[in-house]
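Student: Here it is, the structure in full.
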Amino acid sequence: MPSLSSIKILDISQIMAGPYCTMVLADMGADVTKVEKPNGGDDSRQMGPYINEESTCFAQINRNKKSISINLKEEEGRGIFYRLAETADVIVENYRPGVTRSLKIDYETIKAINPGIIYCSISGYGQTGPSSHKGGFDLVAQGMTGLMSMTGEPGRRPLKTGIAVYDIGAGITAAYSILAAYINKMNTGEGQHIDIAIAECGLPWFSWEAAAYFSSGSIPQPTGWRHRVSAPYQALKVSDGYIMLGCANQRTWERLCQSVIDCPELLDDPRFTTNHLRGQNVVVLEEILEGIFITDTMQSWLRKCDDAGVPAGPINNFAQAMEDPHYQARDMVLEVDHPTIGKMKTIGFPGKLSRTPATIRMPAPLFGQHTDEVLGGLGINAQHLELLRQQGVIK
């Protein structure tokens with residue numbers, strides 16, 4: 001039996017942060033019902049690329065969920081949602097603060113119906129604070145938190161990360177917060193409101209940067225392909241491209257010099273005797289190392305590093321990453337049958353649980369695919385469903 005098979009979730013979120021959270025919980029067995037608006041559903045359904053007119057973006061982040069379509073602006077639609085909320089354990093939403101209150105589906109309203117509800121709100125800036133009223137997006141958060149100021153090369157234009165780190169980070173933060181709240185509910189019977197802000201979920205990740213700033217006032221600057229503290233811990237040019245070299249401690253530095261590049265004299269160079277000194281002199285160290293690494297190929301250097309126990313790896317493009325034998329062996333690329341898209345590949349599960357592993361039980365749902373099934377479970381008969389459909393309450 002999956003780990004979270006006893007948890008019932010209503011997901012009224014869309015795009016990425018909320019849906020990623022509920023997908024993670026669904027992968028671990030939670031019963032997730034996605035409540036979508038009638039005019040097109042989750043906005044990510046309108047994001048390409050498409051296969052057979054079905055969004056592959058939506059399909060990648062909404063597996064293991066049911067989809068129903070209810071118009072929450074209609075009183076009868078809200079009534080249906082209230083009935084679903086009566087037996088739910090968790091509700092996840094990512095509206096701008098104030099919207100759920102105007103729709104009459106906010107935490108206080110639902111709490112009156114179901115006192116034990118765990119209600120998770122994900123928004124740009126959180127439910128409180130001077131910026132709470134603003135709409136927030138991943139890219140804005142990357143700028144606001146300082147991440148973009150330290151991403152890229154010194155003196156060049158600030159760069160965003162290659163993926164939506166804060167949207168995914170907010171989803172992960174919401175998922176573990178929901179699990180913590182659920183454990184508390186198991187112990188006390190009490191539900192609670194969880195407030196997740198996209199603009200702050202990544203701040204705790206800046207551990208080394210916080211250490212420098214809070215201790216000495218040092219403001220992190222972009223370091224490009226190099227690490228902020230350790231060296232050589234960076235990309236190095238080889239004859240046919242680049243590799244990542246990870247000498248994060250003294251022992252691996254010694255192994256590099258003695259067994260990989262055969263330059264034991266570097267160990268006695270006063271500029272490189274400690275990790276701190278190597279970091280201070282990283283420019284000249286990089287010149288010396290690249291003068292050596294440029295003489296051989298990527299695969300040759302990676303083999304030498306592996307033999308010596310020095311962490312190193314290729315800089316793959318996404319296709320190369322997905323085809324990497326290690327990821328393939330670890331089931332990080334899976335295949336699922338989608339009713340419209342057909343056979344499609346998707347990312348696997350990074351957490352490997354020995355007794356209750358995550359599984360793909362069903363592909364991402366078609367828009368409103370389970371409306372009749374879920375509402376039928378509330379005792380709404382086919383004739384009433386058709387009437388609700390004609391009235392625009394459901395789709």
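Ligands are numbered from 1 in the order shown, chains are lettered A, B, ... in the order of the structure tokens, and residues start at 1 in each chain.
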Considering only C-alpha atoms, return as a PDB file with N, CA and C atoms, in the first residue's frame whatever protein or nucleic-acid residues lie within 6 Å of segment 307-312 of chain A, sequence-local ones (same chain, fewer than 5 positions apart) excluded.
Tutor:
ATOM      1  N   MET A 244      32.938  18.937 -15.211  1.00  0.00           N
ATOM      2  CA  MET A 244      32.818  19.497 -13.863  1.00  0.00           C
ATOM      3  C   MET A 244      33.758  18.729 -12.953  1.00  0.00           C
ATOM      4  N   LEU A 245      34.599  19.461 -12.232  1.00  0.00           N
ATOM      5  CA  LEU A 245      35.567  18.861 -11.319  1.00  0.00           C
ATOM      6  C   LEU A 245      35.223  19.290  -9.898  1.00  0.00           C
ATOM      7  N   GLY A 246      35.158  18.330  -8.982  1.00  0.00           N
ATOM      8  CA  GLY A 246      34.715  18.633  -7.632  1.00  0.00           C
ATOM      9  C   GLY A 246      35.714  18.289  -6.553  1.00  0.00           C
ATOM     10  N   THR A 252      40.634  15.167  -1.827  1.00  0.00           N
ATOM     11  CA  THR A 252      40.421  15.043  -3.268  1.00  0.00           C
ATOM     12  C   THR A 252      41.390  15.931  -4.055  1.00  0.00           C
TER      13      THR A 252
END
Student: At a cut-off of 8 Å, using only C-alpha atoms, what residues contact Gly368 of chain A? Leave out same-chain residues fewer than 3 positions from it and give the result as a ChimeraX atom specification.
Tutor: /A:36,67-69,365,371,395
Student: Quick one, how far is atom CA of Val393 of chain A from atom CA of Lys66 of chain A?
Tutor: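 The value is 18.1 Å.
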Student: Pick out the residues sitting within 12 Å of Val32 of chain A, and hand them over as a VMD selection string; count only C-alpha atoms, and ignore anything fewer than 4 positions along from it in its own chain.
Tutor: chain A and resid 4 to 13 18 to 28 62 to 68 84 88 to 92 361 to 362 364 to 365 370 374
Student: Neighbouring residues of Trp208 of chain A were defined as those with any atom within 9 Å, considering only C-alpha atoms; residues of the same chain fewer than 5 positions away were excluded. Please report them as a VMD selection string.
Tutor: chain A and resid 213 228 to 229
Student: Using C-alpha atoms, can you write the selected residues to a file as a CSV table (one decimal), in the first residue's frame?
Tutor:
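The resulting result.csv:
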chain,number,residue,atom,x,y,z
A,213,TYR,CA,27.0,38.2,4.7
A,228,ARG,CA,32.0,30.5,-4.1
A,229,VAL,CA,34.1,28.8,-1.5
Student: Quick one: everything within 10 Å of Thr340 of chain A, counting only C-alpha atoms, minus sequence neighbours fewer than 6 positions away in the same chain. Send it as a CSV table (one decimal) with N, CA and C atoms, in the first residue's frame.
Tutor:
chain,number,residue,atom,x,y,z
A,51,ILE,N,0.6,17.4,-28.1
A,51,ILE,CA,0.5,16.2,-28.9
A,51,ILE,C,-1.0,15.8,-29.0
A,52,ASN,N,-1.5,15.7,-30.2
A,52,ASN,CA,-3.0,15.5,-30.4
A,52,ASN,C,-3.8,16.5,-29.6
A,53,GLU,N,-3.4,17.7,-29.7
A,53,GLU,CA,-4.0,18.9,-29.0
A,53,GLU,C,-4.1,18.8,-27.5
A,54,GLU,N,-3.2,17.9,-26.9
A,54,GLU,CA,-3.2,17.8,-25.5
A,54,GLU,C,-1.8,18.4,-25.0
A,55,SER,N,-1.8,19.3,-24.0
A,55,SER,CA,-0.6,19.9,-23.5
A,55,SER,C,0.3,18.9,-22.8
A,365,PRO,N,-4.9,13.6,-16.0
A,365,PRO,CA,-6.3,13.5,-16.5
A,365,PRO,C,-6.6,14.4,-17.7
A,366,LEU,N,-7.6,14.0,-18.5
A,366,LEU,CA,-8.2,14.9,-19.4
A,366,LEU,C,-9.0,15.9,-18.7
Student: Once DSSP has gone over the backbone, tell me which residues of segment 91-279 of chain A are in strand (DSSP E or B), as a PyMOL selection string.
Tutor: chain A and resi 91-93+118-123+192-197+226+233-238+241-246
Student: Excluding segment 155-165 of chain A and any residue of its chain fewer than 2 positions from it, enumerate the residues within 10 Å of it, using only C-alpha atoms, and give them as an mmCIF file with C-alpha atoms, in the first residue's frame.
Tutor:
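What ended up in part09.cif:
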data_model
loop_
_atom_site.group_PDB
_atom_site.id
_atom_site.type_symbol
_atom_site.label_atom_id
_atom_site.label_comp_id
_atom_site.auth_asym_id
_atom_site.auth_seq_id
_atom_site.Cartn_x
_atom_site.Cartn_y
_atom_site.Cartn_z
ATOM 1 C CA MET A 16 3.391 24.761 -11.446
ATOM 2 C CA ALA A 17 3.991 25.345 -7.713
ATOM 3 C CA PHE A 137 6.136 34.602 -10.231
ATOM 4 C CA ASP A 138 9.245 32.441 -10.166
ATOM 5 C CA LEU A 139 11.316 34.845 -12.260
ATOM 6 C CA VAL A 140 10.406 37.819 -10.045
ATOM 7 C CA ALA A 141 11.398 35.796 -6.977
ATOM 8 C CA GLN A 142 14.769 34.975 -8.553
ATOM 9 C CA GLY A 143 15.437 38.704 -8.828
ATOM 10 C CA LEU A 147 19.650 34.780 -6.770
ATOM 11 C CA MET A 148 20.045 36.497 -10.132
ATOM 12 C CA SER A 149 22.661 38.876 -8.709
ATOM 13 C CA MET A 150 24.919 35.900 -8.071
ATOM 14 C CA THR A 151 24.088 33.866 -11.182
ATOM 15 C CA GLY A 152 26.161 34.343 -14.307
ATOM 16 C CA GLU A 153 29.611 35.801 -14.903
ATOM 17 C CA ASP A 167 8.047 27.384 -8.328
ATOM 18 C CA ILE A 168 9.376 23.871 -7.786
ATOM 19 C CA GLY A 169 10.908 24.927 -4.456
ATOM 20 C CA ALA A 170 7.543 26.290 -3.311
ATOM 21 C CA GLY A 171 5.915 23.004 -4.309
ATOM 22 C CA ILE A 198 7.295 31.614 -3.601
ATOM 23 C CA CYS A 201 10.956 29.474 -0.042
ATOM 24 C CA GLY A 202 14.458 29.525 -1.571
ATOM 25 C CA GLN A 221 28.815 38.185 -6.426
ATOM 26 C CA PRO A 222 28.362 36.028 -9.542
ATOM 27 C CA GLY A 224 30.131 31.939 -13.238
#
Student: Which is closer to Cys305 of chain A than all the others in A:Lys352, A:Arg255, A:Arg278, A:His338, using only C-alpha atoms?
Tutor: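 Ranking A:Lys352, A:Arg255, A:Arg278, A:His338 by distance to Cys305 of chain A, first place goes to A:Arg255.
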Student: Would you work out the distance separating atom CA of Gln299 of chain A from atom CA of Pro325 of chain A, expressed in Å to one decimal?
Tutor: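 For atom CA of Gln299 of chain A relative to atom CA of Pro325 of chain A, the distance reads 14.9 Å.
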Student: Just to confirm, what's the straight-line distance from atom CA of Leu285 of chain A to atom CA of Arg251 of chain A in Å (one decimal)?
Tutor: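 Interatomic distance here is 17.1 Å.
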Student: As JSON, numbers by chain, list the residues of segment 90-327 of chain A assigned to helix (DSSP H, G or I) by DSSP on the backbone atoms of this structure.
Tutor: {"A": [99, 100, 101, 102, 103, 107, 108, 109, 110, 111, 112, 113, 138, 139, 140, 141, 142, 143, 144, 148, 149, 150, 165, 166, 167, 168, 169, 170, 171, 172, 173, 174, 175, 176, 177, 178, 179, 180, 181, 182, 183, 184, 185, 186, 187, 188, 198, 199, 200, 201, 203, 204, 205, 207, 208, 209, 210, 211, 212, 213, 214, 215, 216, 250, 251, 252, 253, 254, 255, 256, 257, 258, 259, 260, 264, 265, 266, 267, 268, 275, 276, 277, 278, 279, 280, 282, 283, 284, 285, 286, 287, 288, 289, 290, 291, 292, 293, 298, 299, 300, 301, 302, 303, 304, 305, 306, 307, 308, 318, 319, 320, 321, 322, 325, 326, 327]}
Student: Could you please take those selected residues and save C-alpha atoms as a compact mmCIF listing (two decimals), in the first residue's frame?
Tutor:
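See result.txt below for the written result:
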# COMPACT_ATOMS: atom_id res chain seq x y z
CA VAL A 99 -9.32 35.69 -4.08
CA THR A 100 -10.38 32.61 -2.09
CA ARG A 101 -12.16 34.90 0.36
CA SER A 102 -14.09 36.56 -2.47
CA LEU A 103 -14.98 33.09 -3.80
CA TYR A 107 -9.52 28.72 5.06
CA GLU A 108 -11.95 30.22 7.60
CA THR A 109 -14.95 29.25 5.48
CA ILE A 110 -13.72 25.69 4.94
CA LYS A 111 -12.63 25.36 8.57
CA ALA A 112 -16.23 25.98 9.64
CA ILE A 113 -17.25 23.03 7.45
CA ASP A 138 9.24 32.44 -10.17
CA LEU A 139 11.32 34.84 -12.26
CA VAL A 140 10.41 37.82 -10.05
CA ALA A 141 11.40 35.80 -6.98
CA GLN A 142 14.77 34.98 -8.55
CA GLY A 143 15.44 38.70 -8.83
CA MET A 144 14.01 39.72 -5.45
CA MET A 148 20.04 36.50 -10.13
CA SER A 149 22.66 38.88 -8.71
CA MET A 150 24.92 35.90 -8.07
CA VAL A 165 13.59 26.78 -9.16
CA TYR A 166 11.28 28.83 -6.95
CA ASP A 167 8.05 27.38 -8.33
CA ILE A 168 9.38 23.87 -7.79
CA GLY A 169 10.91 24.93 -4.46
CA ALA A 170 7.54 26.29 -3.31
CA GLY A 171 5.92 23.00 -4.31
CA ILE A 172 8.46 20.98 -2.35
CA THR A 173 8.18 23.31 0.66
CA ALA A 174 4.39 22.99 0.55
CA ALA A 175 4.61 19.19 0.32
CA TYR A 176 6.77 18.72 3.42
CA SER A 177 4.78 21.35 5.31
CA ILE A 178 1.56 19.50 4.51
CA LEU A 179 3.08 16.24 5.74
CA ALA A 180 4.22 17.91 8.97
CA ALA A 181 0.72 19.36 9.47
CA TYR A 182 -0.83 15.96 8.76
CA ILE A 183 1.37 14.29 11.39
CA ASN A 184 0.29 16.98 13.85
CA LYS A 185 -3.33 16.28 12.92
CA MET A 186 -2.78 12.57 13.59
CA ASN A 187 -1.49 13.46 17.07
CA THR A 188 -3.97 16.22 17.98
CA ILE A 198 7.30 31.61 -3.60
CA ALA A 199 9.50 34.67 -2.95
CA GLU A 200 10.93 33.27 0.28
CA CYS A 201 10.96 29.47 -0.04
CA LEU A 203 16.09 31.87 0.95
CA PRO A 204 17.09 29.04 3.34
CA TRP A 205 19.10 27.51 0.48
CA SER A 207 23.58 28.86 3.50
CA TRP A 208 27.13 29.76 2.43
CA GLU A 209 26.02 33.17 1.20
CA ALA A 210 24.30 33.90 4.52
CA ALA A 211 27.43 32.79 6.39
CA ALA A 212 29.51 35.35 4.49
CA TYR A 213 27.03 38.21 4.67
CA PHE A 214 25.94 37.87 8.31
CA SER A 215 29.49 37.43 9.56
CA SER A 216 31.42 40.00 7.54
CA GLN A 250 41.95 18.52 0.83
CA ARG A 251 41.96 14.79 0.21
CA THR A 252 40.42 15.04 -3.27
CA TRP A 253 42.82 17.90 -4.12
CA GLU A 254 45.72 15.67 -3.21
CA ARG A 255 44.34 12.80 -5.28
CA LEU A 256 43.90 15.12 -8.25
CA CYS A 257 47.50 16.31 -8.12
CA GLN A 258 49.06 12.93 -7.41
CA SER A 259 46.96 10.46 -9.38
CA VAL A 260 45.06 12.36 -12.08
CA PRO A 264 52.53 16.64 -6.99
CA GLU A 265 54.51 19.89 -6.96
CA LEU A 266 51.23 21.83 -6.83
CA LEU A 267 50.69 20.46 -3.31
CA ASP A 268 53.69 22.49 -2.11
CA ASN A 275 41.05 25.16 0.18
CA HIS A 276 40.71 28.79 1.28
CA LEU A 277 43.93 29.78 -0.48
CA ARG A 278 42.93 27.90 -3.60
CA GLY A 279 39.67 29.83 -3.60
CA GLN A 280 41.55 33.12 -3.22
CA VAL A 282 41.25 30.40 -8.30
CA VAL A 283 42.02 32.40 -11.47
CA VAL A 284 45.67 31.38 -11.64
CA LEU A 285 44.83 27.86 -10.46
CA GLU A 286 42.28 27.54 -13.26
CA GLU A 287 44.87 28.66 -15.83
CA ILE A 288 47.32 26.01 -14.63
CA LEU A 289 44.73 23.22 -14.57
CA GLU A 290 43.19 24.04 -17.93
CA GLY A 291 46.65 24.09 -19.47
CA ILE A 292 46.82 20.44 -18.42
CA PHE A 293 43.22 19.36 -19.03
CA MET A 298 36.52 14.43 -21.63
CA GLN A 299 36.14 10.66 -21.38
CA SER A 300 39.85 10.16 -20.69
CA TRP A 301 39.85 12.68 -17.82
CA LEU A 302 36.60 11.34 -16.38
CA ARG A 303 38.06 7.84 -16.38
CA LYS A 304 41.21 9.03 -14.61
CA CYS A 305 39.15 10.93 -12.03
CA ASP A 306 36.94 7.92 -11.39
CA ASP A 307 39.96 5.66 -10.95
CA ALA A 308 41.46 8.11 -8.44
CA PHE A 318 19.05 17.57 -21.32
CA ALA A 319 18.88 14.85 -23.95
CA GLN A 320 22.21 13.42 -22.78
CA ALA A 321 21.02 13.54 -19.17
CA MET A 322 17.85 11.63 -19.98
CA PRO A 325 22.75 4.92 -18.20
CA HIS A 326 22.79 5.79 -14.51
CA TYR A 327 19.46 7.64 -14.64
